[in-house]
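Undergrad: Below you'll find final-v6.pdb; it's PDB, C-alpha atoms, pLDDT in the B column.
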ATOM      1  CA  MET Q  22      24.020   6.466   2.364  1.00 57.00           C
ATOM      2  CA  GLY Q  23      22.971   6.425   6.007  1.00 61.00           C
ATOM      3  CA  PRO Q  24      19.227   6.934   6.435  1.00 70.00           C
ATOM      4  CA  HIS Q  25      18.602   6.406   2.721  1.00 76.00           C
ATOM      5  CA  LEU Q  26      20.116   2.935   2.645  1.00 78.00           C
ATOM      6  CA  ASP Q  27      16.751   1.185   2.252  1.00 77.00           C
ATOM      7  CA  HIS Q  28      15.533   3.596  -0.446  1.00 88.00           C
ATOM      8  CA  PRO Q  29      14.707   1.775  -3.723  1.00 90.00           C
ATOM      9  CA  ALA Q  30      17.249   3.923  -5.563  1.00 91.00           C
ATOM     10  CA  MET Q  31      20.032   2.974  -3.144  1.00 90.00           C
ATOM     11  CA  LEU Q  32      19.120  -0.706  -3.296  1.00 91.00           C
ATOM     12  CA  ASP Q  33      19.275  -0.567  -7.078  1.00 92.00           C
ATOM     13  CA  LEU Q  34      22.652   1.203  -6.919  1.00 92.00           C
ATOM     14  CA  LEU Q  35      24.098  -1.425  -4.553  1.00 90.00           C
ATOM     15  CA  GLN Q  36      23.072  -4.192  -6.917  1.00 92.00           C
ATOM     16  CA  HIS Q  37      25.212  -2.626  -9.659  1.00 90.00           C
ATOM     17  CA  TYR Q  38      27.994  -0.977  -7.642  1.00 90.00           C
ATOM     18  CA  PRO Q  39      28.333  -2.971  -4.393  1.00 89.00           C
ATOM     19  CA  SER Q  40      31.761  -1.718  -3.274  1.00 86.00           C
ATOM     20  CA  PRO Q  41      33.557   1.616  -2.822  1.00 83.00           C
ATOM     21  CA  ALA Q  42      35.906   0.666  -5.654  1.00 83.00           C
ATOM     22  CA  ALA Q  43      33.015  -0.029  -8.018  1.00 88.00           C
ATOM     23  CA  MET Q  44      31.340   3.269  -7.102  1.00 89.00           C
ATOM     24  CA  LYS Q  45      34.601   5.165  -7.606  1.00 86.00           C
ATOM     25  CA  THR Q  46      35.029   3.589 -11.018  1.00 89.00           C
ATOM     26  CA  ALA Q  47      31.437   4.438 -11.986  1.00 90.00           C
ATOM     27  CA  GLY Q  48      31.879   8.090 -11.059  1.00 91.00           C
ATOM     28  CA  THR Q  49      29.407  10.695  -9.909  1.00 93.00           C
ATOM     29  CA  THR Q  50      27.690  11.230 -13.256  1.00 93.00           C
ATOM     30  CA  ARG Q  51      26.966   7.567 -13.907  1.00 93.00           C
ATOM     31  CA  MET Q  52      25.710   6.958 -10.369  1.00 93.00           C
ATOM     32  CA  ALA Q  53      23.545  10.077 -10.497  1.00 93.00           C
ATOM     33  CA  THR Q  54      21.992   8.922 -13.759  1.00 93.00           C
ATOM     34  CA  ARG Q  55      21.056   5.610 -12.159  1.00 93.00           C
ATOM     35  CA  LEU Q  56      19.817   7.153  -8.900  1.00 93.00           C
ATOM     36  CA  LEU Q  57      17.657   9.745 -10.654  1.00 94.00           C
ATOM     37  CA  LYS Q  58      15.460   7.000 -12.104  1.00 92.00           C
ATOM     38  CA  LEU Q  59      14.097   6.096  -8.665  1.00 91.00           C
ATOM     39  CA  ALA Q  60      15.035   9.212  -6.696  1.00 92.00           C
ATOM     40  CA  PRO Q  61      14.505  12.227  -8.980  1.00 93.00           C
ATOM     41  CA  ARG Q  62      14.627  14.749  -6.143  1.00 91.00           C
ATOM     42  CA  MET Q  63      17.785  13.659  -4.371  1.00 92.00           C
ATOM     43  CA  GLY Q  64      19.564  11.370  -6.828  1.00 91.00           C
ATOM     44  CA  ARG Q  65      22.263  13.867  -7.785  1.00 93.00           C
ATOM     45  CA  ARG Q  66      22.890  14.894  -4.169  1.00 92.00           C
ATOM     46  CA  LEU Q  67      23.213  11.265  -3.088  1.00 91.00           C
ATOM     47  CA  ALA Q  68      25.684  10.586  -5.887  1.00 92.00           C
ATOM     48  CA  GLU Q  69      27.836  13.517  -4.780  1.00 92.00           C
ATOM     49  CA  GLU Q  70      27.752  12.369  -1.138  1.00 90.00           C
ATOM     50  CA  ILE Q  71      28.692   8.816  -2.133  1.00 88.00           C
ATOM     51  CA  THR Q  72      31.603  10.110  -4.231  1.00 87.00           C
ATOM     52  CA  GLN Q  73      32.830  12.267  -1.349  1.00 86.00           C
ATOM     53  CA  ALA Q  74      32.599   9.528   1.303  1.00 79.00           C
ATOM     54  CA  PRO Q  75      35.558   7.343   0.174  1.00 67.00           C
ATOM     55  CA  GLY Q  76      37.857  10.360   0.267  1.00 65.00           C
ATOM     56  CA  GLU Q  77      37.029  10.878   3.951  1.00 65.00           C
ATOM     57  CA  GLN Q  78      37.607   7.226   4.832  1.00 64.00           C
ATOM     58  CA  THR Q  79      40.913   6.640   6.621  1.00 62.00           C
ATOM     59  CA  VAL Q  80      40.486   2.964   7.530  1.00 64.00           C
ATOM     60  CA  VAL Q  81      40.036   0.048   5.142  1.00 62.00           C
ATOM     61  CA  VAL Q  82      37.426  -2.307   6.564  1.00 65.00           C
ATOM     62  CA  VAL Q  83      38.412  -5.965   6.553  1.00 65.00           C
ATOM     63  CA  GLY Q  84      36.111  -8.039   4.371  1.00 67.00           C
ATOM     64  CA  THR Q  85      35.202  -5.281   1.929  1.00 70.00           C
ATOM     65  CA  HIS Q  86      35.680  -7.563  -1.068  1.00 73.00           C
ATOM     66  CA  ALA Q  87      33.591 -10.319   0.527  1.00 76.00           C
ATOM     67  CA  ALA Q  88      30.831  -7.804   1.303  1.00 78.00           C
ATOM     68  CA  ALA Q  89      30.802  -6.721  -2.330  1.00 80.00           C
ATOM     69  CA  THR Q  90      29.839 -10.287  -3.238  1.00 84.00           C
ATOM     70  CA  VAL Q  91      27.029 -10.501  -0.684  1.00 86.00           C
ATOM     71  CA  LEU Q  92      25.591  -6.973  -0.879  1.00 85.00           C
ATOM     72  CA  PRO Q  93      23.965  -7.215  -4.341  1.00 88.00           C
ATOM     73  CA  ARG Q  94      21.986 -10.289  -3.295  1.00 88.00           C
ATOM     74  CA  LEU Q  95      20.921  -8.720  -0.003  1.00 88.00           C
ATOM     75  CA  ALA Q  96      19.891  -5.529  -1.767  1.00 88.00           C
ATOM     76  CA  GLU Q  97      17.862  -7.532  -4.257  1.00 89.00           C
ATOM     77  CA  GLN Q  98      16.082  -9.428  -1.460  1.00 90.00           C
ATOM     78  CA  LEU Q  99      15.314  -6.207   0.420  1.00 87.00           C
ATOM     79  CA  ALA Q 100      13.956  -4.590  -2.729  1.00 88.00           C
ATOM     80  CA  ALA Q 101      11.704  -7.617  -3.314  1.00 90.00           C
ATOM     81  CA  LEU Q 102      10.509  -7.437   0.306  1.00 89.00           C
ATOM     82  CA  ARG Q 103       9.632  -3.769  -0.083  1.00 87.00           C
ATOM     83  CA  GLN Q 104       7.668  -4.590  -3.210  1.00 88.00           C
ATOM     84  CA  GLN Q 105       5.757  -7.319  -1.377  1.00 91.00           C
ATOM     85  CA  ARG Q 106       4.927  -4.930   1.464  1.00 87.00           C
ATOM     86  CA  SER Q 107       3.618  -2.385  -1.018  1.00 87.00           C
ATOM     87  CA  SER Q 108       1.427  -4.995  -2.702  1.00 89.00           C
ATOM     88  CA  ILE Q 109       0.051  -6.181   0.644  1.00 88.00           C
ATOM     89  CA  ALA Q 110      -0.654  -2.593   1.692  1.00 86.00           C
ATOM     90  CA  VAL Q 111      -2.740  -2.087  -1.456  1.00 88.00           C
ATOM     91  CA  GLU Q 112      -4.713  -5.265  -0.758  1.00 90.00           C
ATOM     92  CA  VAL Q 113      -5.285  -4.302   2.885  1.00 87.00           C
ATOM     93  CA  GLU Q 114      -6.462  -0.839   1.880  1.00 88.00           C
ATOM     94  CA  LYS Q 115      -8.998  -2.374  -0.518  1.00 91.00           C
ATOM     95  CA  LEU Q 116     -10.298  -4.754   2.170  1.00 87.00           C
ATOM     96  CA  VAL Q 117     -10.669  -1.901   4.653  1.00 89.00           C
ATOM     97  CA  ASN Q 118     -12.454   0.322   2.141  1.00 89.00           C
ATOM     98  CA  ASP Q 119     -14.907  -2.482   1.341  1.00 91.00           C
ATOM     99  CA  HIS Q 120     -15.814  -2.995   5.008  1.00 90.00           C
ATOM    100  CA  PRO Q 121     -19.132  -1.363   6.055  1.00 91.00           C
ATOM    101  CA  LEU Q 122     -17.498   0.237   9.140  1.00 87.00           C
ATOM    102  CA  SER Q 123     -14.661   1.789   7.144  1.00 89.00           C
ATOM    103  CA  PRO Q 124     -16.330   5.212   6.624  1.00 91.00           C
ATOM    104  CA  VAL Q 125     -17.024   5.482  10.362  1.00 90.00           C
ATOM    105  CA  LEU Q 126     -13.516   4.472  11.455  1.00 90.00           C
ATOM    106  CA  THR Q 127     -11.560   6.560   8.972  1.00 90.00           C
ATOM    107  CA  SER Q 128     -13.723   9.624   9.660  1.00 90.00           C
ATOM    108  CA  MET Q 129     -12.228   9.836  13.159  1.00 90.00           C
ATOM    109  CA  PRO Q 130      -9.070  11.957  13.583  1.00 90.00           C
ATOM    110  CA  GLY Q 131      -5.952   9.829  13.888  1.00 91.00           C
ATOM    111  CA  VAL Q 132      -7.442   6.736  12.242  1.00 91.00           C
ATOM    112  CA  GLY Q 133      -6.025   5.867   8.845  1.00 90.00           C
ATOM    113  CA  VAL Q 134      -6.190   2.729   6.769  1.00 89.00           C
ATOM    114  CA  ARG Q 135      -3.584   0.806   8.778  1.00 88.00           C
ATOM    115  CA  THR Q 136      -5.145   1.678  12.128  1.00 90.00           C
ATOM    116  CA  ALA Q 137      -8.608   0.828  10.820  1.00 92.00           C
ATOM    117  CA  ALA Q 138      -7.282  -2.521   9.577  1.00 91.00           C
ATOM    118  CA  ARG Q 139      -5.800  -3.256  13.006  1.00 89.00           C
ATOM    119  CA  LEU Q 140      -9.051  -2.341  14.770  1.00 89.00           C
ATOM    120  CA  LEU Q 141     -11.131  -4.501  12.465  1.00 89.00           C
ATOM    121  CA  THR Q 142      -8.710  -7.420  12.719  1.00 87.00           C
ATOM    122  CA  GLU Q 143      -8.727  -7.447  16.515  1.00 89.00           C
ATOM    123  CA  VAL Q 144     -12.481  -6.909  16.983  1.00 87.00           C
ATOM    124  CA  THR Q 145     -14.095  -8.818  14.120  1.00 83.00           C
ATOM    125  CA  GLY Q 146     -15.805 -11.999  15.317  1.00 85.00           C
ATOM    126  CA  LYS Q 147     -16.211 -10.761  18.898  1.00 88.00           C
ATOM    127  CA  HIS Q 148     -19.386  -9.448  20.515  1.00 89.00           C
ATOM    128  CA  PHE Q 149     -19.590  -6.680  23.094  1.00 90.00           C
ATOM    129  CA  ASP Q 150     -22.896  -5.781  24.751  1.00 91.00           C
ATOM    130  CA  THR Q 151     -21.834  -2.230  25.573  1.00 91.00           C
ATOM    131  CA  ALA Q 152     -19.054   0.242  24.874  1.00 89.00           C
ATOM    132  CA  GLY Q 153     -17.844  -0.394  28.410  1.00 88.00           C
ATOM    133  CA  HIS Q 154     -17.321  -4.084  27.641  1.00 89.00           C
ATOM    134  CA  LEU Q 155     -15.268  -3.143  24.586  1.00 89.00           C
ATOM    135  CA  ALA Q 156     -13.214  -0.663  26.623  1.00 88.00           C
ATOM    136  CA  SER Q 157     -12.586  -3.373  29.218  1.00 89.00           C
ATOM    137  CA  TYR Q 158     -11.489  -5.824  26.520  1.00 90.00           C
ATOM    138  CA  VAL Q 159      -9.037  -3.281  25.121  1.00 89.00           C
ATOM    139  CA  GLY Q 160      -7.782  -2.379  28.593  1.00 88.00           C
ATOM    140  CA  LEU Q 161      -8.849   1.257  28.502  1.00 86.00           C
ATOM    141  CA  ALA Q 162     -11.477   1.031  31.239  1.00 82.00           C
ATOM    142  CA  PRO Q 163     -10.100   2.344  34.561  1.00 79.00           C
ATOM    143  CA  VAL Q 164      -9.674  -0.119  37.426  1.00 77.00           C
ATOM    144  CA  THR Q 165     -10.901   0.787  40.910  1.00 76.00           C
ATOM    145  CA  ARG Q 166      -8.445  -0.283  43.587  1.00 70.00           C
ATOM    146  CA  ARG Q 167      -9.824  -1.096  46.997  1.00 66.00           C
ATOM    147  CA  SER Q 168      -8.262  -1.851  50.337  1.00 65.00           C
ATOM    148  CA  GLY Q 169     -10.803  -3.305  52.722  1.00 61.00           C
ATOM    149  CA  SER Q 170     -13.689  -0.864  52.841  1.00 62.00           C
ATOM    150  CA  SER Q 171     -11.703   2.074  51.464  1.00 57.00           C
ATOM    151  CA  ILE Q 172     -11.346   3.037  47.813  1.00 56.00           C
ATOM    152  CA  ARG Q 173      -7.886   4.144  46.672  1.00 62.00           C
ATOM    153  CA  GLY Q 174      -9.063   5.622  43.403  1.00 66.00           C
ATOM    154  CA  GLU Q 175      -9.119   4.589  39.766  1.00 69.00           C
ATOM    155  CA  HIS Q 176      -6.008   3.607  37.855  1.00 73.00           C
ATOM    156  CA  PRO Q 177      -5.199   2.553  34.280  1.00 74.00           C
ATOM    157  CA  SER Q 178      -5.670  -1.152  33.628  1.00 80.00           C
ATOM    158  CA  ARG Q 179      -2.617  -3.293  32.897  1.00 81.00           C
ATOM    159  CA  ARG Q 180      -4.728  -5.931  31.210  1.00 83.00           C
ATOM    160  CA  GLY Q 181      -6.512  -6.045  27.896  1.00 87.00           C
ATOM    161  CA  ASN Q 182      -5.593  -6.537  24.270  1.00 90.00           C
ATOM    162  CA  LYS Q 183      -2.135  -4.954  24.131  1.00 91.00           C
ATOM    163  CA  ILE Q 184      -2.042  -4.845  20.328  1.00 91.00           C
ATOM    164  CA  LEU Q 185      -5.353  -3.023  20.134  1.00 90.00           C
ATOM    165  CA  LYS Q 186      -4.470  -0.729  23.040  1.00 91.00           C
ATOM    166  CA  ARG Q 187      -1.204   0.295  21.392  1.00 91.00           C
ATOM    167  CA  ALA Q 188      -3.005   1.026  18.106  1.00 91.00           C
ATOM    168  CA  LEU Q 189      -5.510   3.255  19.903  1.00 90.00           C
ATOM    169  CA  PHE Q 190      -2.805   5.092  21.860  1.00 89.00           C
ATOM    170  CA  LEU Q 191      -0.860   5.829  18.660  1.00 91.00           C
ATOM    171  CA  SER Q 192      -4.092   6.900  17.004  1.00 92.00           C
ATOM    172  CA  ALA Q 193      -4.854   9.263  19.895  1.00 90.00           C
ATOM    173  CA  PHE Q 194      -1.449  10.934  19.612  1.00 90.00           C
ATOM    174  CA  ALA Q 195      -1.837  11.227  15.835  1.00 91.00           C
ATOM    175  CA  ALA Q 196      -5.239  12.854  16.399  1.00 91.00           C
ATOM    176  CA  LEU Q 197      -3.518  15.764  18.145  1.00 91.00           C
ATOM    177  CA  ARG Q 198      -2.701  17.138  14.706  1.00 90.00           C
ATOM    178  CA  ASN Q 199      -6.409  17.821  14.326  1.00 89.00           C
ATOM    179  CA  PRO Q 200      -7.226  21.312  15.720  1.00 91.00           C
ATOM    180  CA  VAL Q 201     -10.475  20.193  17.376  1.00 90.00           C
ATOM    181  CA  SER Q 202      -8.821  17.201  19.034  1.00 89.00           C
ATOM    182  CA  ARG Q 203      -5.875  19.336  20.126  1.00 90.00           C
ATOM    183  CA  THR Q 204      -8.161  21.914  21.733  1.00 91.00           C
ATOM    184  CA  TYR Q 205     -10.052  19.200  23.616  1.00 87.00           C
ATOM    185  CA  TYR Q 206      -6.772  17.634  24.784  1.00 87.00           C
ATOM    186  CA  ASP Q 207      -5.402  20.961  26.013  1.00 89.00           C
ATOM    187  CA  GLN Q 208      -8.616  21.697  27.902  1.00 88.00           C
ATOM    188  CA  LYS Q 209      -8.493  18.337  29.663  1.00 83.00           C
ATOM    189  CA  ASN Q 210      -4.836  18.783  30.617  1.00 83.00           C
ATOM    190  CA  ARG Q 211      -5.158  22.376  31.753  1.00 82.00           C
ATOM    191  CA  PRO Q 212      -4.223  22.635  35.453  1.00 78.00           C
ATOM    192  CA  ARG Q 213      -7.182  23.229  37.689  1.00 71.00           C
ATOM    193  CA  GLN Q 214      -7.151  26.534  39.522  1.00 67.00           C
ATOM    194  CA  THR Q 215      -7.977  26.670  43.208  1.00 63.00           C
ATOM    195  CA  PRO Q 216     -10.942  29.013  43.744  1.00 60.00           C
ATOM    196  CA  GLN Q 217      -9.893  32.218  45.460  1.00 63.00           C
ATOM    197  CA  PRO Q 218     -11.999  33.717  48.265  1.00 61.00           C
ATOM    198  CA  SER Q 219     -14.144  36.677  47.286  1.00 59.00           C
ATOM    199  CA  PRO Q 220     -12.510  40.022  48.158  1.00 59.00           C
ATOM    200  CA  HIS Q 221     -15.905  41.338  49.345  1.00 56.00           C
ATOM    201  CA  ARG Q 222     -16.360  38.564  51.861  1.00 55.00           C
ATOM    202  CA  THR Q 223     -15.903  39.803  55.432  1.00 54.00           C
ATOM    203  CA  CYS Q 224     -14.845  37.704  58.379  1.00 52.00           C
ATOM    204  CA  PRO Q 225     -17.098  37.637  61.409  1.00 52.00           C
ATOM    205  CA  THR Q 226     -16.001  39.855  64.281  1.00 53.00           C
ATOM    206  CA  PRO Q 227     -14.849  37.722  67.203  1.00 52.00           C
ATOM    207  CA  VAL Q 228     -17.007  38.025  70.320  1.00 44.00           C
TER     208      VAL Q 228
END
Reformat the file's structure so that it appears as structure tokens.
TA:
Amino acid sequence: MGPHLDHPAMLDLLQHYPSPAAMKTAGTTRMATRLLKLAPRMGRRLAEEITQAPGEQTVVVVGTHAAATVLPRLAEQLAALRQQRSSIAVEVEKLVNDHPLSPVLTSMPGVGVRTAARLLTEVTGKHFDTAGHLASYVGLAPVTRRSGSSIRGEHPSRRGNKILKRALFLSAFAALRNPVSRTYYDQKNRPRQTPQPSPHRTCPTPV
């Protein structure tokens, strides 16, 4: 089962066949028929892998029978939670689409519905006079470090809205899939070349 354990098809299967013994009794064909309802692409393959797994098991885990009693209920709860998340995602998407700033936000590379919802949630109700004030609130504005009268340079800020900053960082990395954004990123990260002296330049003759 492995990485597919939280798949709706696997959760449904565990509710009906919660133990290795129950799965062995059901057989590959019956499990495949059930899995194909919610996993048409990989249902048959999963059924074959599940059938093969008990034959490779050399140790009987203590508490297997007790787990078979608990697993169906846990699988049912997880399936219900997934359904709730899906319903909430639909509602959030509708709220984002109805917002007047939605077309502007989602037109930017790397900004989808979830990122736009996070941006709107963290910024709505707040006022920023300039873009610099907003960047400072997020924690993206560089901080100038000083020591007496000397300036040690600018460094990334450790302050700001960490939730909003993380959303923007993830959005920036996702934007690299866009060819224009990727080209701009590569240009900014290209190592600077030290200018070479002109070959035609002659040195003055020492007196």
Undergrad: Nearest to Asn118 (chain Q) among Q:Gln36, Q:Leu161, Q:Arg106, Q:Arg135, with distances taken over all atoms listed in the file: which residue is it?
TA: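 So, comparing all the options, the nearest one is Q:Arg135.
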Undergrad: Q:Val134, Q:Val125, Q:Leu32, Q:Leu67: which is nearest Pro93 (chain Q), counting only C-alpha atoms?
TA: Q:Leu32
Undergrad: Could you jot down the CA of Glu70 (chain Q) to CA of Ala89 (chain Q) separation for me, Å, one decimal place?
TA: 19.4 Å
Undergrad: Please evaluate the PyMOL selection byres ((chain Q and resi 45-60) around 12) against the structure above and give the resulting residues as a PyMOL selection string.
TA: chain Q and resi 25+28-44+61-76
Undergrad: In Å, how far is it from CA of Phe190 (chain Q) to CA of Arg103 (chain Q)?
TA: 26.7 Å
Undergrad: Can you list what the PyMOL selection byres ((chain Q and resi 187) around 12) grabs from this structure, as a compact mmCIF listing (two decimals) with C-alpha atoms, keeping the file's coordinate frame?
TA:
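Listing of expr05.txt after writing:
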# COMPACT_ATOMS: atom_id res chain seq x y z
CA THR Q 136 -5.14 1.68 12.13
CA ARG Q 139 -5.80 -3.26 13.01
CA LEU Q 140 -9.05 -2.34 14.77
CA GLU Q 143 -8.73 -7.45 16.52
CA VAL Q 159 -9.04 -3.28 25.12
CA GLY Q 160 -7.78 -2.38 28.59
CA LEU Q 161 -8.85 1.26 28.50
CA GLY Q 181 -6.51 -6.04 27.90
CA ASN Q 182 -5.59 -6.54 24.27
CA LYS Q 183 -2.13 -4.95 24.13
CA ILE Q 184 -2.04 -4.84 20.33
CA LEU Q 185 -5.35 -3.02 20.13
CA LYS Q 186 -4.47 -0.73 23.04
CA ALA Q 188 -3.00 1.03 18.11
CA LEU Q 189 -5.51 3.26 19.90
CA PHE Q 190 -2.80 5.09 21.86
CA LEU Q 191 -0.86 5.83 18.66
CA SER Q 192 -4.09 6.90 17.00
CA ALA Q 193 -4.85 9.26 19.90
CA PHE Q 194 -1.45 10.93 19.61
Undergrad: Please report the interatomic distance between CA of Val117 (chain Q) and CA of Leu141 (chain Q) in Å with one decimal.
TA: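 According to the coordinates, CA of Val117 (chain Q) and CA of Leu141 (chain Q) are separated by 8.2 Å.
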Undergrad: Tell me which of Q:Thr85, Q:Ala152, Q:Ala195, Q:Asp27 sits closest to Ala101 (chain Q), counting only C-alpha atoms.
TA: Q:Asp27
Undergrad: What are the centre and the three edge lengths of an axis-aligned box that wraps all atoms of region 87-98 of chain Q in the file, given that 4 Å is added to every side, written as lines of an AutoDock Vina configuration file and rounded to one decimal in Å?
TA:
center_x = 24.8
center_y = -8.0
center_z = -1.5
size_x = 25.5
size_y = 13.0
size_z = 13.6
Undergrad: Go through Q:Val201, Q:Ser108, Q:Thr145, Q:Val113 and flag the residue nearest Gly133 (chain Q), using all atoms listed in the file for the distances.
TA: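 Among the listed residues, Q:Val113 lies closest to Gly133 (chain Q).
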